[in-house]
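As structure tokens, the structure follows; a few thoughts come after it.
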Amino acid sequence: MLNEMTDKLWQVAKKARSFAYTPYSNYKVGAALLGRSGKIYGGCNVENAAYSPGNCAERTAIFKAVSEGERDFVTILVVTANGGTPCGVCRQVLREFSKDLEVIVATENTIIKSYRLNELLLDGFGPEKLA
Ligand code: THU
């Protein structure tokens with residue numbers, strides 16, 4: 001049974017995915033990030049003709065959130081065509097703010113799997129090491 005918040009995040013991630021700008025890969029990704037405040041931030045991937053300036057959906061969402069003052073996160077839900085998991089760079093960026101983040105991977109039709117960020121980035125390097 002899908003809980004109400006997961007369903008809400010799924011809807012936001014799907015809507016964000018519909019805005020993905022992917023003329024080069026055509027691999028569209030949508031993310032929905034739930035802040036501790038209860039606010040949800042959507043994000044999509046935004047590609048670029050020079051390739052490397054492109055940004056993943058997960059980082060779009062987290063940068064939006066941090067730039068609005070939110071730094072503590074509960075869940076991120078990511079929608080792709082085939083259940084892709086967040087890339088290594090996005091795992092590291094998420095780790096900066098929430099060691100215990102729930103990461104839900106989905107397609108447009110199915111919620112595939114839920115992880116803890118620590119499983120996806122085992123013993124990751126974080127801000128406490130620089131404190
Ligand atoms: N992409 C994401 O948005 N999130 C990921 O975690 C994996 C990859 C994007 C980057 C690029 O626009 C496209 O998917 C193909 O790599």
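Chains: A, B, ... in order of the structure tokens. Residues: from 1 per chain. Ligands: from 1, in order shown.
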
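Using only C-alpha atoms and all ligand atoms, we find that the residues with an atom at most 8 Å from any atom of ligand 1 are Tyr21, Thr22, Tyr24, Ser25, Asn26, Tyr27, Lys28, Val29, Gly30, Cys44, Asn45, Val46, Glu47, Gly54, Asn55, Cys56, Ala57, Glu58, Arg59, Gly84, Thr85, Pro86, Cys87, Gly88, Val89 and Cys90 of chain A.
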
Could you take the residues named above and write them with C-alpha atoms, as a tab-separated table (two decimals), in the first residue's frame?
```tsv
chain	number	residue	atom	x	y	z
A	21	TYR	CA	15.71	19.22	-20.69
A	22	THR	CA	17.48	16.30	-22.33
A	24	TYR	CA	21.41	14.94	-25.89
A	25	SER	CA	20.69	11.80	-23.85
A	26	ASN	CA	16.90	11.84	-24.01
A	27	TYR	CA	17.11	10.21	-20.54
A	28	LYS	CA	14.58	12.12	-18.49
A	29	VAL	CA	14.83	12.17	-14.70
A	30	GLY	CA	12.52	13.75	-12.14
A	44	CYS	CA	14.73	17.65	-13.29
A	45	ASN	CA	17.92	17.08	-15.23
A	46	VAL	CA	19.04	20.02	-17.35
A	47	GLU	CA	21.52	19.17	-20.11
A	54	GLY	CA	24.50	19.67	-17.32
A	55	ASN	CA	22.89	18.96	-13.97
A	56	CYS	CA	21.13	15.88	-12.58
A	57	ALA	CA	17.56	16.00	-11.30
A	58	GLU	CA	18.58	15.17	-7.73
A	59	ARG	CA	21.07	18.02	-7.53
A	84	GLY	CA	17.93	4.25	-12.53
A	85	THR	CA	19.48	5.00	-9.13
A	86	PRO	CA	21.14	8.35	-8.26
A	87	CYS	CA	24.65	8.79	-9.68
A	88	GLY	CA	27.70	8.93	-7.45
A	89	VAL	CA	28.00	12.71	-7.57
A	90	CYS	CA	24.38	13.13	-6.45
```

### Message
Which residues are close to Thr107 in chain A, i.e. within 12 Å by only C-alpha atoms, leaving aside same-chain residues fewer than 5 positions away? Reply as a PyMOL selection string.
### Response
chain A and resi 10-11+13-14+17+28-31+77-85+112-113

### For Leu101 in chain A: contacts at 6 Å, only C-alpha atoms, fewer than 4 positions along chain excluded, given as a count of residues only
4

Asp123 in chain A environment, 12 Å, only C-alpha atoms, sequence neighbours closer than 2 positions dropped, as a compact mmCIF listing (two decimals) with N, CA, C and O atoms, in the first residue's frame:
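As written to disk, part-v7.txt reads:
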```
# COMPACT_ATOMS: atom_id res chain seq x y z
N ARG A 91 24.82 11.23 -4.97
CA ARG A 91 24.87 10.58 -3.65
C ARG A 91 25.74 11.40 -2.70
O ARG A 91 25.41 11.60 -1.54
N GLN A 92 26.88 11.87 -3.20
CA GLN A 92 27.78 12.66 -2.35
C GLN A 92 27.14 13.99 -1.96
O GLN A 92 27.25 14.43 -0.81
N ARG A 95 24.59 13.33 0.67
CA ARG A 95 25.25 12.93 1.92
C ARG A 95 25.67 14.14 2.76
O ARG A 95 25.72 14.09 3.99
N LYS A 99 22.63 12.04 6.19
CA LYS A 99 23.23 10.70 6.21
C LYS A 99 22.18 9.61 6.11
O LYS A 99 22.40 8.55 5.53
N ASP A 100 21.02 9.89 6.75
CA ASP A 100 20.00 8.86 6.91
C ASP A 100 18.84 9.02 5.93
O ASP A 100 17.76 8.49 6.13
N LEU A 117 20.44 6.23 2.27
CA LEU A 117 21.59 6.77 1.55
C LEU A 117 22.88 6.04 1.93
O LEU A 117 23.75 5.80 1.09
N ASN A 118 22.99 5.66 3.20
CA ASN A 118 24.19 4.97 3.68
C ASN A 118 24.45 3.64 2.93
O ASN A 118 25.59 3.20 2.82
N GLU A 119 23.40 3.03 2.42
CA GLU A 119 23.59 1.79 1.64
C GLU A 119 24.14 2.13 0.26
O GLU A 119 24.84 1.33 -0.36
N LEU A 120 23.74 3.28 -0.26
CA LEU A 120 24.15 3.67 -1.61
C LEU A 120 25.52 4.34 -1.62
O LEU A 120 26.18 4.40 -2.65
N LEU A 121 25.91 4.85 -0.47
CA LEU A 121 27.22 5.52 -0.34
C LEU A 121 27.79 5.07 1.01
O LEU A 121 27.78 5.82 1.99
N PHE A 125 32.10 10.11 2.91
CA PHE A 125 32.80 11.26 3.50
C PHE A 125 31.79 12.38 3.72
O PHE A 125 31.00 12.70 2.82
N GLY A 126 31.81 12.98 4.91
CA GLY A 126 30.83 14.02 5.19
C GLY A 126 31.42 15.17 5.99
O GLY A 126 32.59 15.14 6.40
N LYS A 129 33.75 15.23 9.22
CA LYS A 129 35.19 14.96 9.13
C LYS A 129 36.01 16.26 9.09
O LYS A 129 37.21 16.26 9.32
```

### Message
DSSP on the backbone: which residues in chain A end up as alpha helix (DSSP H)? Give the answer as a PyMOL selection string.
### Response
chain A and resi 4-18+57-66+88-97+117-120

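Minimum distance to Ser37 in chain A across A:Ala49, A:Ala65, A:Leu130, A:Leu2 (counting only C-alpha atoms) occurs at A:Ala65.
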
### Message
Here is a test: counting only C-alpha atoms, which residue of A:Ala16, A:Pro127, A:Asp72, A:Glu96 is nearest to Thr60 in chain A?
### Response
A:Ala16

### Query
Do you know which residues are at most 8 Å from Ile62 in chain A counting only C-alpha atoms, after dropping those on the same chain fewer than 4 positions away, and could you put them as a PyMOL selection string?
chain A and resi 33+41+43+58+66+94

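The space between CA of Leu34 in chain A and CA of Ala106 in chain A spans 15.5 Å.
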
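The spacing separating CA of Tyr115 in chain A from CA of Arg71 in chain A amounts to 20.0 Å.
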
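Taking only C-alpha atoms into account, Asn109 in chain A lies nearest to A:Asp7 out of the set A:Gly38, A:Phe63, A:Asp7, A:Ala131.
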